[in-house]
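Structure file model-v8.txt with compact mmCIF, C-alpha atoms:
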# COMPACT_ATOMS: atom_id res chain seq x y z
CA MET W 1 69.88 94.79 144.29
CA ARG W 2 70.40 97.43 141.69
CA LYS W 3 71.71 96.47 138.30
CA ILE W 4 75.44 97.10 138.00
CA ALA W 5 76.64 99.25 135.13
CA PRO W 6 78.85 97.36 132.65
CA GLU W 7 81.85 99.60 133.20
CA VAL W 8 81.62 99.12 136.97
CA GLU W 9 81.25 95.40 136.45
CA GLN W 10 84.37 95.39 134.30
CA LEU W 11 86.19 97.46 136.91
CA MET W 12 85.36 94.90 139.59
CA TRP W 13 86.68 92.07 137.49
CA THR W 14 89.86 93.98 136.77
CA LEU W 15 90.36 94.61 140.49
CA ALA W 16 89.70 90.95 141.22
CA GLU W 17 92.33 89.90 138.73
CA HIS W 18 95.04 92.42 139.66
CA ARG W 19 94.31 92.52 143.41
CA ASP W 20 95.83 95.90 144.03
CA PRO W 21 94.98 96.68 147.69
CA GLU W 22 94.93 100.42 147.19
CA ALA W 23 92.71 100.19 144.15
CA ILE W 24 90.36 97.82 145.97
CA ASP W 25 90.17 100.16 148.93
CA GLU W 26 89.47 103.14 146.70
CA PHE W 27 86.69 101.21 144.96
CA GLY W 28 85.15 100.41 148.34
CA GLN W 29 85.11 104.06 149.27
CA ARG W 30 83.63 105.07 145.96
CA TYR W 31 81.02 102.31 145.76
CA PRO W 32 80.37 101.24 149.36
CA ASP W 33 77.25 99.27 148.42
CA LEU W 34 79.24 97.20 145.92
CA ARG W 35 81.91 96.00 148.33
CA GLY W 36 80.06 92.71 148.73
CA GLU W 37 79.91 92.20 144.97
CA LEU W 38 83.59 92.92 144.65
CA GLY W 39 84.28 90.46 147.44
CA LYS W 40 82.36 87.74 145.55
CA ARG W 41 84.42 88.31 142.47
CA LEU W 42 87.65 88.24 144.43
CA ALA W 43 86.64 84.91 145.94
CA LEU W 44 85.56 83.51 142.62
CA THR W 45 88.82 84.35 140.82
CA THR W 46 90.80 82.96 143.76
CA SER W 47 88.88 79.69 143.55
CA LEU W 48 89.09 79.54 139.78
CA LYS W 49 92.84 80.11 139.70
CA GLY W 50 93.34 77.72 142.61
CA ALA W 51 91.58 74.92 140.73
CA ARG W 52 94.32 74.80 138.13
CA GLU W 53 96.18 71.51 138.14
CA ILE W 54 99.85 72.14 137.65
CA ARG W 55 101.90 69.53 135.82
CA THR W 56 105.52 70.53 135.79
CA THR W 57 106.86 67.35 137.28
CA ASP W 58 106.36 63.75 136.21
CA ILE W 59 105.67 64.83 132.68
CA PRO W 60 105.24 61.67 130.59
CA ARG W 61 107.69 61.15 127.80
CA PHE W 62 106.46 62.25 124.38
CA ARG W 63 105.67 59.43 122.01
CA PRO W 64 103.97 60.36 118.72
CA LEU W 65 100.68 58.58 118.50
CA ALA W 66 99.40 56.69 115.49
CA LEU W 67 96.49 58.97 114.77
CA PRO W 68 93.73 57.65 112.48
CA PRO W 69 94.16 58.82 108.90
CA PRO W 70 91.91 61.58 107.62
CA ILE W 71 88.45 60.35 106.72
CA TRP W 72 88.99 60.95 103.03
CA THR W 73 91.81 58.43 102.93
CA ARG W 74 89.87 55.63 104.58
CA PRO W 75 88.18 52.99 102.38
CA ALA W 76 84.69 54.10 103.39
CA GLY W 77 85.61 57.71 102.89
CA LEU W 78 87.17 56.97 99.51
CA ALA W 79 84.07 55.04 98.46
CA MET W 80 81.84 57.94 99.47
CA ALA W 81 84.06 60.39 97.63
CA GLY W 82 83.98 58.16 94.55
CA VAL W 83 80.20 57.97 94.62
CA ALA W 84 79.98 61.72 95.02
CA LEU W 85 82.32 62.27 92.06
CA ILE W 86 80.37 59.89 89.85
CA GLY W 87 77.14 61.61 90.80
CA LEU W 88 78.69 64.97 90.02
CA ALA W 89 79.90 63.72 86.64
CA PHE W 90 76.46 62.39 85.72
CA GLY W 91 74.78 65.54 86.87
CA SER W 92 77.19 67.68 84.89
CA TYR W 93 76.73 65.55 81.76
CA TYR W 94 72.94 65.67 82.08
CA LEU W 95 72.97 69.41 82.54
CA THR W 96 75.26 70.15 79.61
CA SER W 97 73.53 67.72 77.25
CA SER W 98 70.20 69.35 77.99
CA LEU W 99 71.62 72.69 76.88
CA SER W 100 71.65 71.61 73.23
CA ALA W 101 72.85 73.71 70.34
CA PRO W 102 70.32 74.78 67.68
CA PRO W 103 69.24 71.87 65.45
CA VAL W 104 71.53 71.18 62.51
CA SER W 105 68.63 71.37 60.10
CA GLU W 106 68.05 75.03 60.95
CA LYS W 107 69.36 76.97 57.99
CA LEU W 108 71.27 80.13 58.52
CA PRO W 109 70.23 82.86 56.12
CA THR W 110 72.58 83.57 53.21
CA ILE W 111 72.70 86.64 51.09
CA SER W 112 72.20 84.75 47.82
CA GLN W 113 68.94 83.09 48.95
CA GLN W 114 67.01 85.86 50.64
CA PRO W 115 65.65 89.16 49.48
CA ALA W 116 67.85 92.11 50.15
CA SER W 117 65.34 93.60 52.60
CA ALA W 118 65.88 90.69 54.96
CA ARG W 119 69.59 91.13 54.79
CA GLN W 120 69.90 94.75 55.70
CA GLU W 121 73.00 94.83 57.86
CA PRO W 122 73.24 97.67 60.33
CA GLU W 123 75.49 100.48 59.24
CA GLY W 124 79.11 99.91 60.16
CA ARG W 125 78.63 96.44 61.59
CA GLY W 126 78.65 92.87 60.38
CA GLY W 127 78.97 92.30 56.65
CA PRO W 128 78.67 94.80 53.81
CA LYS W 129 75.33 95.80 52.29
CA VAL W 130 74.15 93.63 49.44
CA LEU W 131 72.54 94.50 46.14
CA PRO W 132 69.13 92.98 45.22
CA ASP W 133 70.83 90.36 43.04
CA GLY W 134 72.99 89.27 45.94
CA ARG W 135 76.20 90.86 44.68
CA LEU W 136 78.44 92.99 46.75
CA PRO W 137 77.97 96.68 45.99
CA GLN W 138 80.50 98.69 43.96
CA SER W 139 81.79 101.04 46.56
CA GLY W 140 82.86 104.51 45.50
CA SER W 141 86.07 104.33 47.39
CA PRO W 142 88.71 101.72 46.58
CA GLN W 143 88.74 100.71 50.20
CA GLY W 144 85.08 99.77 50.48
CA ALA W 145 85.51 99.66 54.17
CA ALA W 146 82.51 99.64 56.45
CA SER W 147 82.01 102.59 58.69
CA GLY W 148 82.75 102.47 62.33
CA ASN W 149 85.86 101.67 64.33
CA VAL W 150 88.12 99.57 62.13
CA ALA W 151 89.97 98.03 65.03
CA ASP W 152 86.75 96.45 66.28
CA LEU W 153 86.07 94.74 62.97
CA PRO W 154 87.04 91.14 62.38
CA LYS W 155 90.11 90.58 60.24
CA HIS W 156 88.19 89.72 57.09
CA LEU W 157 86.41 93.06 57.24
CA ARG W 158 89.44 95.18 57.97
CA PRO W 159 91.41 96.92 55.20
CA GLN W 160 94.39 94.86 54.14
CA THR W 161 97.28 95.21 51.73
CA LEU W 162 97.97 92.52 49.15
CA SER W 163 100.66 92.70 46.49
CA ILE W 164 101.13 89.79 44.10
CA LYS W 165 102.77 90.52 40.78
CA ALA W 166 101.94 87.26 39.11
CA GLY W 167 100.35 84.18 40.56
CA LYS W 168 97.96 81.43 39.62
CA PHE W 169 94.38 82.45 40.24
CA GLN W 170 93.61 79.55 42.58
CA ASP W 171 96.80 80.27 44.55
CA VAL W 172 95.96 83.94 44.87
CA ILE W 173 92.46 83.14 46.09
CA ALA W 174 93.83 80.62 48.58
CA LEU W 175 96.41 83.13 49.81
CA LEU W 176 93.82 85.84 50.13
CA GLY W 177 91.62 83.57 52.17
CA GLN W 178 94.43 82.47 54.41
CA TYR W 179 95.88 85.94 54.88
CA CYS W 180 92.57 87.68 55.51
CA GLY W 181 90.85 84.99 57.54
CA LEU W 182 88.29 84.16 54.88
CA LYS W 183 86.83 80.85 53.83
CA ILE W 184 86.55 81.28 50.07
CA GLU W 185 84.79 78.63 48.03
CA MET W 186 84.48 78.43 44.26
CA PRO W 187 82.85 75.11 43.51
CA ASP W 188 82.62 75.71 39.76
CA MET W 189 86.04 77.16 39.19
CA PRO W 190 86.80 76.88 35.45
CA PRO W 191 90.09 75.09 34.91
CA GLU W 192 91.34 77.82 32.61
CA LEU W 193 90.74 80.39 35.29
CA ALA W 194 92.33 78.30 38.02
CA ASP W 195 95.69 78.17 36.27
CA SER W 196 95.68 81.63 34.75
CA LEU W 197 98.28 84.05 36.03
CA ILE W 198 96.79 87.15 37.59
CA GLU W 199 98.00 90.22 39.39
CA ALA W 200 96.62 91.34 42.73
CA ASP W 201 97.90 94.66 43.98
CA TYR W 202 95.67 96.26 46.59
CA GLN W 203 96.59 98.83 49.21
CA ASN W 204 94.53 99.15 52.35
CA MET W 205 91.43 97.55 50.88
CA VAL W 206 88.75 95.38 52.44
CA PRO W 207 89.18 91.74 51.25
CA LEU W 208 85.66 91.60 49.95
CA ALA W 209 86.33 94.59 47.76
CA MET W 210 89.50 92.90 46.51
CA LEU W 211 87.48 89.88 45.46
CA GLN W 212 84.92 92.10 43.86
CA ASP W 213 87.58 93.78 41.83
CA LEU W 214 89.16 90.45 40.87
CA GLY W 215 85.73 89.20 39.91
CA ALA W 216 85.14 92.14 37.63
CA LYS W 217 88.51 91.49 35.97
CA HIS W 218 88.32 87.71 35.70
CA GLY W 219 84.64 86.92 35.27
CA PHE W 220 83.17 85.82 38.57
CA SER W 221 80.93 87.15 41.30
CA ALA W 222 81.60 87.16 45.02
CA PHE W 223 78.70 86.34 47.33
CA TYR W 224 79.02 87.08 51.03
CA GLU W 225 77.49 84.19 52.98
CA GLY W 226 77.84 85.52 56.50
CA GLY W 227 80.61 85.16 59.03
CA ASN W 228 83.84 84.79 57.07
CA LYS W 229 82.44 82.78 54.16
CA ILE W 230 82.62 83.95 50.58
CA LEU W 231 81.19 82.04 47.63
CA LEU W 232 82.65 82.72 44.21
CA ILE W 233 80.41 81.99 41.21
CA PRO W 234 81.73 82.22 37.65
CA ALA W 235 80.03 85.08 35.80
CA ARG W 236 76.82 84.37 33.83
CA PRO W 237 75.48 86.33 30.91
CA SER W 238 73.55 89.40 32.10
CA SER W 239 70.43 88.23 30.19
CA GLU W 240 70.21 85.19 32.45
CA LEU W 241 70.57 87.36 35.61
CA ASN W 242 67.71 89.64 34.47
CA ALA W 243 65.47 86.64 33.93
CA ASP W 244 66.07 85.43 37.53
CA THR W 245 65.31 88.72 39.18
CA GLY W 246 62.42 89.64 36.94
CA GLN W 247 64.01 92.92 36.00
CA MET A 248 112.07 75.20 116.03
CA GLU A 249 114.52 76.07 113.32
CA ARG A 250 116.63 73.13 114.37
CA PHE A 251 113.60 70.86 114.33
CA LEU A 252 112.68 71.99 110.82
CA ALA A 253 116.28 71.42 109.80
CA GLY A 254 115.88 67.79 110.84
CA ASP A 255 116.87 67.73 114.50
CA GLY A 256 113.91 65.78 115.90
CA SER A 257 115.31 65.67 119.42
CA VAL A 258 114.61 69.36 119.79
CA PHE A 259 110.90 68.70 119.85
CA GLU A 260 111.30 67.20 123.31
CA VAL A 261 112.39 70.63 124.51
CA LEU A 262 109.25 72.25 123.10
CA TYR A 263 107.17 69.47 124.59
CA GLN A 264 108.60 69.91 128.06
CA ARG A 265 108.34 73.68 127.91
CA TYR A 266 104.66 73.81 126.94
CA TYR A 267 103.28 70.62 128.45
CA ASP A 268 101.90 72.30 131.56
CA LYS A 269 99.98 75.01 129.70
CA VAL A 270 98.59 72.59 127.14
CA PHE A 271 97.57 70.22 129.92
CA ALA A 272 95.81 73.09 131.68
CA ILE A 273 93.79 73.81 128.54
CA ALA A 274 92.83 70.18 128.07
CA ARG A 275 92.07 69.72 131.76
CA GLY A 276 89.85 72.78 131.91
CA ILE A 277 87.88 71.84 128.82
CA LEU A 278 87.65 68.10 129.34
CA LEU A 279 87.43 68.27 133.14
CA ASP A 280 88.97 64.81 133.47
CA ALA A 281 92.66 64.42 134.24
CA GLU A 282 93.17 61.14 132.37
CA GLU A 283 91.35 62.33 129.30
CA ALA A 284 93.31 65.55 129.45
CA ALA A 285 96.60 63.62 129.53
CA ASP A 286 95.56 61.57 126.50
CA ALA A 287 94.46 64.68 124.68
CA VAL A 288 97.79 66.34 125.36
CA GLN A 289 99.61 63.46 123.65
CA GLU A 290 97.30 63.78 120.65
CA ILE A 291 97.82 67.53 120.54
CA PHE A 292 101.60 67.27 120.58
CA THR A 293 101.48 64.49 118.01
CA LEU A 294 99.56 66.81 115.69
CA VAL A 295 102.05 69.58 116.33
CA TYR A 296 104.95 67.21 115.73
CA ARG A 297 103.56 66.12 112.39
CA HIS A 298 102.51 69.53 111.15
CA LEU A 299 105.28 71.72 112.49
CA GLY A 300 106.46 72.26 108.95
CA ARG A 301 103.17 74.00 108.18
CA PHE A 302 103.53 76.47 111.00
CA ASP A 303 103.34 80.03 109.74
CA ARG A 304 106.29 81.67 111.43
CA ARG A 305 104.74 85.08 111.21
CA SER A 306 102.73 84.23 114.32
CA ARG A 307 103.97 82.92 117.63
CA PHE A 308 104.43 79.23 118.15
CA SER A 309 102.54 79.32 121.44
CA THR A 310 99.53 80.92 119.76
CA TRP A 311 99.47 78.19 117.16
CA LEU A 312 99.97 75.48 119.76
CA PHE A 313 97.19 76.76 122.00
CA ARG A 314 94.84 77.03 119.05
CA ILE A 315 95.39 73.37 118.26
CA ALA A 316 94.99 72.49 121.92
CA VAL A 317 91.69 74.35 122.24
CA ASN A 318 90.23 72.97 119.04
CA ARG A 319 91.26 69.41 119.75
CA SER A 320 90.00 69.54 123.31
CA ILE A 321 86.66 70.99 122.30
CA GLN A 322 86.27 68.28 119.66
CA GLN A 323 87.01 65.63 122.25
CA SER A 324 84.61 67.24 124.69
CA ARG A 325 81.80 67.08 122.17
CA ARG A 326 82.53 63.42 121.49
CA ASN A 327 82.48 62.76 125.22
CA LYS A 328 79.16 64.50 125.59
CA HIS A 329 77.46 61.82 123.56
CA ARG A 330 79.09 59.09 125.58
CA SER A 331 78.45 60.74 128.95
CA LYS A 332 74.68 60.37 128.62
CA LEU A 333 75.11 56.64 129.11
CA VAL A 334 77.73 57.02 131.80
CA SER A 335 75.58 59.28 133.99
CA LEU A 336 72.76 56.73 133.90
CA ASN A 337 75.08 53.99 135.10
CA GLU A 338 76.40 56.20 137.86
CA ALA A 339 72.90 56.92 139.08
CA LEU A 340 72.19 53.19 139.37
CA SER A 341 75.43 52.21 141.03
CA ALA A 342 75.80 52.37 144.83
CA GLU A 343 79.11 54.16 144.73
CA SER A 344 79.81 56.63 142.00
CA PRO A 345 83.47 57.14 141.17
CA ALA A 346 84.72 60.39 142.63
CA GLU A 347 86.96 62.47 140.43
CA PRO A 348 89.61 64.01 142.65
CA THR A 349 89.35 67.77 142.39
CA ILE A 350 91.80 70.41 143.27
CA GLY A 351 90.66 73.35 145.36
CA ASP A 352 87.03 74.41 145.40
CA PRO A 353 84.80 71.61 143.99
CA ARG A 354 82.21 74.18 142.98
CA VAL A 355 84.63 75.38 140.31
CA TYR A 356 84.54 72.07 138.44
CA GLU A 357 80.81 71.78 138.99
CA ALA A 358 80.25 75.17 137.43
CA LEU A 359 82.77 74.52 134.65
CA GLY A 360 81.02 71.25 133.88
CA LYS A 361 77.79 73.09 133.20
CA LEU A 362 79.37 75.52 130.78
CA GLN A 363 79.84 75.04 127.05
CA PRO A 364 83.34 73.86 126.06
CA ALA A 365 84.00 77.15 124.28
CA ASP A 366 83.28 79.09 127.49
CA ARG A 367 85.55 76.80 129.46
CA ALA A 368 88.28 77.39 126.90
CA LEU A 369 88.10 81.14 127.39
CA LEU A 370 88.24 80.95 131.16
CA VAL A 371 91.08 78.47 131.12
CA LEU A 372 93.15 80.50 128.68
CA PHE A 373 92.67 83.65 130.76
CA TYR A 374 92.80 82.36 134.33
CA TRP A 375 94.91 79.20 134.09
CA ASP A 376 97.30 79.93 131.23
CA GLU A 377 97.18 83.66 132.03
CA LEU A 378 97.15 84.73 128.43
CA SER A 379 96.43 88.32 127.53
CA LEU A 380 93.34 89.26 125.57
CA GLN A 381 95.55 89.75 122.53
CA GLU A 382 97.00 86.27 122.87
CA ILE A 383 93.56 84.78 123.42
CA ALA A 384 92.27 86.57 120.32
CA GLU A 385 95.14 85.14 118.27
CA SER A 386 94.58 81.65 119.61
CA LEU A 387 90.86 81.76 118.92
CA GLU A 388 91.34 83.61 115.63
CA CYS A 389 89.08 86.47 116.52
CA GLY A 390 89.47 90.16 117.26
CA VAL A 391 90.56 91.45 120.64
CA ASN A 392 87.18 93.07 121.25
CA ALA A 393 85.43 89.84 120.36
CA ALA A 394 87.67 87.94 122.75
CA LYS A 395 86.97 90.49 125.46
CA THR A 396 83.21 90.23 124.96
CA ARG A 397 83.27 86.44 124.88
CA LEU A 398 85.38 86.31 128.02
CA TYR A 399 83.04 88.69 129.80
CA ARG A 400 80.01 86.57 128.92
CA ALA A 401 81.74 83.32 129.83
CA ARG A 402 82.76 84.79 133.15
CA GLU A 403 79.23 85.97 133.93
CA ARG A 404 77.77 82.58 133.07
CA PHE A 405 80.38 80.91 135.23
CA ARG A 406 79.64 83.25 138.11
CA THR A 407 75.93 82.57 137.92
CA LEU A 408 76.54 78.82 138.06
CA TYR A 409 79.22 79.09 140.74
CA GLU A 410 76.99 81.15 143.04
CA GLU A 411 73.98 78.89 142.65
CA PRO A 412 72.98 77.29 145.91
CA ALA A 413 74.12 73.68 146.12
Would you kindly transcribe this structure into structure tokens?
Amino acid sequence: MRKIAPEVEQLMWTLAEHRDPEAIDEFGQRYPDLRGELGKRLALTTSLKGAREIRTTDIPRFRPLALPPPIWTRPAGLAMAGVALIGLAFGSYYLTSSLSAPPVSEKLPTISQQPASARQEPEGRGGPKVLPDGRLPQSGSPQGAASGNVADLPKHLRPQTLSIKAGKFQDVIALLGQYCGLKIEMPDMPPELADSLIEADYQNMVPLAMLQDLGAKHGFSAFYEGGNKILLIPARPSSELNADTGQ
Amino acid sequence: MERFLAGDGSVFEVLYQRYYDKVFAIARGILLDAEEAADAVQEIFTLVYRHLGRFDRRSRFSTWLFRIAVNRSIQQSRRNKHRSKLVSLNEALSAESPAEPTIGDPRVYEALGKLQPADRALLVLFYWDELSLQEIAESLECGVNAAKTRLYRARERFRTLYEEPA
């Protein structure tokens, strides 16, 4: 027997389901050699529909059954879930502990300890450029701001405005650090300097430049140590500096 | 259903009575055993009773009900399949095998018994519950074209088995 085209096959099934006598007759005239096939499908659908068991009477009364609880609430299921969670916790701990941070003993480079050539910061990024003796450069402009997009710079590198008419030196330094996001350390702060009243009036100036200016006025040097750390060292006689650098 | 969700539990009996026949037809066609089908129907309506609050009212209740009925019946059928391997061995050894009373042409149940439960579900939904392709697609959570294709294939497989010489 020849293979029946899918659309003809579908047509036969549709005729078998709807049982339109006229449509069936027309199909028979159009496809006389497929009348037998159509007849088989008619018989099949009749048998299939006739096998349905109808239950519209004697319907049992509905009583909600006590269905078993979901597997994850059963003791065995809970135990398995607990074991899985513990395993996951151990695995997570092992994985994260193996991704260790750099050793503590690894020293991060600081400006004051390395030659200037090793501390060449790219233009407009990171910290300011440093002179061979580790001091911050005297910038021509009062701002001393690094080039590049100011908004992208961290707070301690962005121009700020500070106006203090009279305040104790140590308070001004602390305020500057707090206001500009800097961690300023001066381990050898002379007591007389700490309590001396100073003025700090800066408009739109980078904090580092402010400290540089204060250092020039009050006898200390500001060393940029990377990140937001500044180290303030009381000024030393220039003869001692020349001896250190060999100049 | 609104009344049921508002706390009127007696209304569920109305839903139960209205849909019992169609749900039984689904279970009967998939499980092929009348007693098992009756038990499955009670389980199905128990599930519906407990989870009616979760019913998404954007779709029809009957669609949701039939989906539960199909899934539950297929699950039960798969569980029975593992048990039936032992049962058929016992029947072969016994002198009289229990005869399951069938309605109409016995070849229908013979052929249905050789089909996969998913195929039986499609045929039952279309020929016994007389759902449209759209309704079948919604119940089986597939597209209309997919439902049409699956029905076509299930029907062809059934026909091949039905027309096999005894």
Check: For chain W against chain A, which residues fall within 12 Å using all atoms listed in the file, given as a VMD selection string?
Finding: chain W and resid 6 to 7 9 to 14 16 to 18 37 40 to 69
Next item on the list: Have a look at CA of Pro191 in chain W and CA of Leu175 in chain W and let me know their distance in Å, one decimal.
Entry: 18.1 Å
Next item on the list: Just give me the gap between CA of Arg305 in chain A and CA of Gln322 in chain A in Å, one decimal is fine.
Entry: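 That distance, rounded to one decimal, is 26.4 Å.
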Next item on the list: Can you pull out every residue within 7 Å of Thr161 in chain W, counting all atoms listed in the file, but drop anything in the same chain fewer than 2 positions away, and send it as a PyMOL selection string?
Entry: chain W and resi 163+202-205
Would you output that residue set with C-alpha atoms, as an mmCIF file, in the frame of the given file?
data_model
loop_
_atom_site.group_PDB
_atom_site.id
_atom_site.type_symbol
_atom_site.label_atom_id
_atom_site.label_comp_id
_atom_site.auth_asym_id
_atom_site.auth_seq_id
_atom_site.Cartn_x
_atom_site.Cartn_y
_atom_site.Cartn_z
ATOM 1 C CA SER W 163 100.660 92.700 46.490
ATOM 2 C CA TYR W 202 95.670 96.260 46.590
ATOM 3 C CA GLN W 203 96.590 98.830 49.210
ATOM 4 C CA ASN W 204 94.530 99.150 52.350
ATOM 5 C CA MET W 205 91.430 97.550 50.880
#
Item checked: Between CA of Asp303 in chain A and CA of Cys389 in chain A, distance in Å (one decimal) -> 17.1 Å
Note to self: Just checking: using all atoms listed in the file, which residue out of W:Pro75, W:Gly39, W:Gly91, W:Pro154 ends up closest to Val206 in chain W?
What the structure shows: W:Pro154
Note to self: Using all atoms listed in the file for the distances, tell me which of W:Asp188, W:Lys3, W:Asp195, W:Val172 is nearest to Ser221 in chain W.
What the structure shows: W:Asp188
Calculate, to one decimal in Å, the centre and edge lengths of the box along x, y and z of the file that holds all listed atoms of range 162-169 of chain W with 4 Å of margin on each side, and present them as AutoDock Vina command-line options.
--center_x 98.6 --center_y 87.1 --center_z 44.1 --size_x 16.4 --size_y 19.3 --size_z 18.0
